[in-house]
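Here is the structure we will look at, set down as structure tokens.
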There are 2 protein chains.
Amino acid sequence: MEQKLQTLRTKLKDVSNLERAAEVLAWDQQVNMPSGGVAARAEQLATLQTLAHELFTRDEVGLLLEDLAGADWPAASDEAALIKVTRREYDHARKLTPELVAQMSRTFSLGQQVWEQAKHEANFAPFQGTLEKIVDLNIQVAEAYGYETCIYDALLDLFEPGMKTAQVNTVFDELKATLVPLVQTISERVDLVDDSLLKQNYPVGAQWDFGLEVLQAIGFDLRRGRQDKSTHPFTISFSVNDVRLTTRLTENSFPSSLFSTLHEGGHGMYEQNVAVHFDGTPLMGGTSLGVHESQSRLWENVLGRSYEFWQFYYPQLQACFPAQLGQATLDNFYRAINKVEPSLVRVEADEVTYNLHIFLRFELEQELLAGRLKVADLPAAWNAKMQSYLGLTPPHDGLGVLQDIHWSGGLMGYFPTYTLGNVMSCQFYNQTLHDIPDLKAQFQRGEFGALLAWFRQHIHQHGRKFTANELIQQITGADGLDAQPYLTYIKQKFGQIYGV
Amino acid sequence: MEQKLQTLRTKLKDVSNLERAAEVLAWDQQVNMPSGGVAARAEQLATLQTLAHELFTRDEVGLLLEDLAGADWPAASDEAALIKVTRREYDHARKLTPELVAQMSRTFSLGQQVWEQAKHEANFAPFQGTLEKIVDLNIQVAEAYGYETCIYDALLDLFEPGMKTAQVNTVFDELKATLVPLVQTISERVDLVDDSLLKQNYPVGAQWDFGLEVLQAIGFDLRRGRQDKSTHPFTISFSVNDVRLTTRLTENSFPSSLFSTLHEGGHGMYEQNVAVHFDGTPLMGGTSLGVHESQSRLWENVLGRSYEFWQFYYPQLQACFPAQLGQATLDNFYRAINKVEPSLVRVEADEVTYNLHIFLRFELEQELLAGRLKVADLPAAWNAKMQSYLGLTPPHDGLGVLQDIHWSGGLMGYFPTYTLGNVMSCQFYNQTLHDIPDLKAQFQRGEFGALLAWFRQHIHQHGRKFTANELIQQITGADGLDAQPYLTYIKQKFGQIYGV
């Protein structure tokens, strides 16, 4: 059996190497590639992804998995998890034809360029045909994977294994019941917080330097990773020892780059701290996008927008930007970076309204995939929901339906994981506060090592060994997702800021 | 037959996509990769290269080539060339086992890191074992390919198809007879040229901007390529529409970055101007390294260090660096950038002594491959030849045997192509002067389009369709390599500068 396991590992390693190579090409496409490179890059990615799929779905892999499943691995062993997770991925992959995989790869790679141009022109029309193809491909994939009653389940399962749409809807309904009225209440008090100090001119070079310093301080290892610039910040990993993240820099807005760095840093530290022996297997990486997002949003928000964090960093920030911040108190600054205000763009949204952007996308995706909404009608549906949730109408599609890269890259079923991450972040954080009683005092001293070590031990090192629900259960004892810790956190923090 | 050709093209396209993906990974390794990424990158490259080799060497490719060779393609057609060149590559590739290919890929990828560290420490010892493996692998490859009497022929043929070591030795002997005494004569007059003005502080940002402007002016298309920084400048191509080059920037030396940009720009324009329908086939790219180098060294030296070029650019350069160059005349500057002086480092060498660095490497490689020189004795042999050719002894191995990246990346048989490029550049250039009578007047006006168009028509567009000897014959009527045009150029230019 050890021999067979070794044979399986060798085969998986080749698949992983092809997939990682494709990640390098995808990273390059967003960070470096000149526009002329698009067509050839799409073909290169298609070859890599088709070959990876072909190698992975060979009969011999299935036979090995069957043999190995018959052996008596200890229930919680890495070997048992490897066989289980590989089986899950294998069953998925076998349901897609090589032609479909190649078509997806090409369409999604080219889709990003069409989207980029459409967004630049702030006009949905040139992107409509591409998005129709993408929705259709996602439906084909979901049908191939199969589902019981809800087509969305088939795609959600890719990003959040084991999670059902119904479970998400239950949690989201609970969130909506509190967050939607809270946003309305705060909207009437929006003038209580002045964030104009953030909208001065902050030279991008100094923003970059400050962000990179904080990134290292929270524990991202630059010998095993790097940060670059891209239009849409993201994190990608080529091995546990080579994790890339990106940020974007805007001169007339300070926090967006730093919070983007903290956010991607959270993802990046997760990837850097997976047990190294999972590298080259399907256990490599984060267990689900929701758990991944629990990390990114914790470092970005729960930590990065906390009073304690800035008790340490604000004097340093003032020293970097004396003209901009010399006169502003820590309290001014803390309130400014936590201002709640309905706005058009998800990635710039505050902690409270952020989730409303997700509800909107999650609902639209369900409609699109169920065939109840046509792509041609999507911009109008988007705008109607924006009005309903946030009381705003985008002036053009660039600030509306075209704002996110995800759909253009073929990702549907992905958006709800952002809010799931918010929910999980507070479930986990409550436990860290319990296990590390002086955690907040550590933040005040600029010490983040204990928090990272806790995450490494309880979450990161396990890679994809457990599902999100299993992890939550192991760590908190709760029976999976629970919206209450997050709602309590939000009500306390913003209740205090807005006096509600 | 059309059908079979199409089938062949489809198979070659997959091979090419894997090879290009490997190029992206190799580029990233030198431009971006954090040190932690080394081990995983070596494995990824090994998988890509082994799979590319496996796909290419399948029996069905050989059968297709046999069938296609039997058809009646017009002699000078692209189809005939595709079949001939693919056959040549196929026969080579079939002689290597997949194990050897994987071993080469891993050893060469890791070798670069070992070399980098050894160079950094200026100590050959930690690199010796790696280089021994590399030399041994090169010998295995050469033996696998086969040769008549000279093992070097087998490797030279990879970089300079059809060229024999004996032909190179004949040309090099002719060059040595003139260049070695010329260097000695000039060495006695070295004080006639003062280049201290180049060794002031030139801010790297302004160097970068000036270089990028010139790069575009000579015709490199930044929509289909880009420039980055790396320790060892190089050019690499992911398609005709995505060509990457690198330069390096040194604050206390102006010309090295600009001339590196011109040099790599020459390579890059070659890659950008190959007929687009060769993309994805073995006809893609430059016909040989010597012809490639004829382009890079022509733009760097014959053009970039010419009086006419600087008649146009020197006022602009003075405007960029008024404190450094405001007082220096065009004549001072022209003489400074053409100063001839024996020195230790090839990439910093002037046009005349440069070739002596190549003779040294070419001779050492022949000794190593023939087993007459042990790797352990290489540093001493290097230093002895440096003394003999240039009258200098490196103070440490970092400025001696460790200075070049090539061997660490597995490249042996490559070095002579630099001097072959010098020789060919003047053979071609004489023809351009004949065909474009006012060429030098165009340079004085900052116009380079006619020169690039000439190269595109006569060389670039043909990709790898012809061998170097065939191209020389077609363009100049000469029967292959001829050292005389280059020697005439050198004697005239430097005779004028040094009054000899």
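Here, A, B, ... name the chains of the structure tokens in the order displayed, residue numbers run from 1 inside each chain, and ligands are numbered from 1 in the same displayed order.
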**Study point:** Residue neighbourhood Val302 of chain A, 9 Å, only C-alpha atoms, exclusion window fewer than 4 positions, as a ChimeraX atom specification
**Key:** /A:297-298,306,425-426,429,489
**Study point:** All residues 9 Å or closer to Arg346 of chain A, only C-alpha atoms, same chain fewer than 6 positions away omitted, as a ChimeraX atom specification
**Key:** /A:353-358,403-404
Exercise for review: Taking only C-alpha atoms into account, report as an NGL selection string which residues of chain B lie within 6 Å of chain A.
Suggested key: :B and (17 or 34-37 or 44 or 223-225 or 241-242)
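Of the listed residues A:Tyr389, A:Phe494, A:Trp27, A:Phe415, the one whose atoms come nearest to Gln366 of chain A is A:Phe415, with distances taken using only C-alpha atoms.
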Check your understanding: Ala80 of chain B: which residues within 12 Å, counting only C-alpha atoms, same-chain residues fewer than 2 positions away excluded, as a list in words?
Key ->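 Answer for this query is Leu5, Leu65, Leu68, Ala69, Gly70, Ala71, Asp72, Trp73, Pro74, Ala75, Ala76, Ser77, Asp78, Leu82, Ile83, Lys84, Val85, Thr86, Arg87, Leu283, Lys465 and Phe466 of chain B.
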Practice item. Tell me, as a VMD selection string, which residues lie within 10 Å of Leu245 of chain B, counting only C-alpha atoms; anything in the same chain fewer than 5 positions away does not count. Key: chain B and resid 27 225 to 230 233 to 237 260 to 261 263 to 265 267 to 268
Study note, to complete from the structure: atom CA of Leu258 of chain B to atom CA of Asp209 of chain B measures 10.0 Å
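If only C-alpha atoms are the atoms counted, then among A:Arg464, A:Lys493, A:Trp407, A:Ala217 the closest residue to Phe443 of chain A is A:Ala217.
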Point to revise | Interatomic distance, atom CA of Tyr270 of chain B to atom CA of Ala93 of chain B (Å, one decimal) | key: 25.4 Å
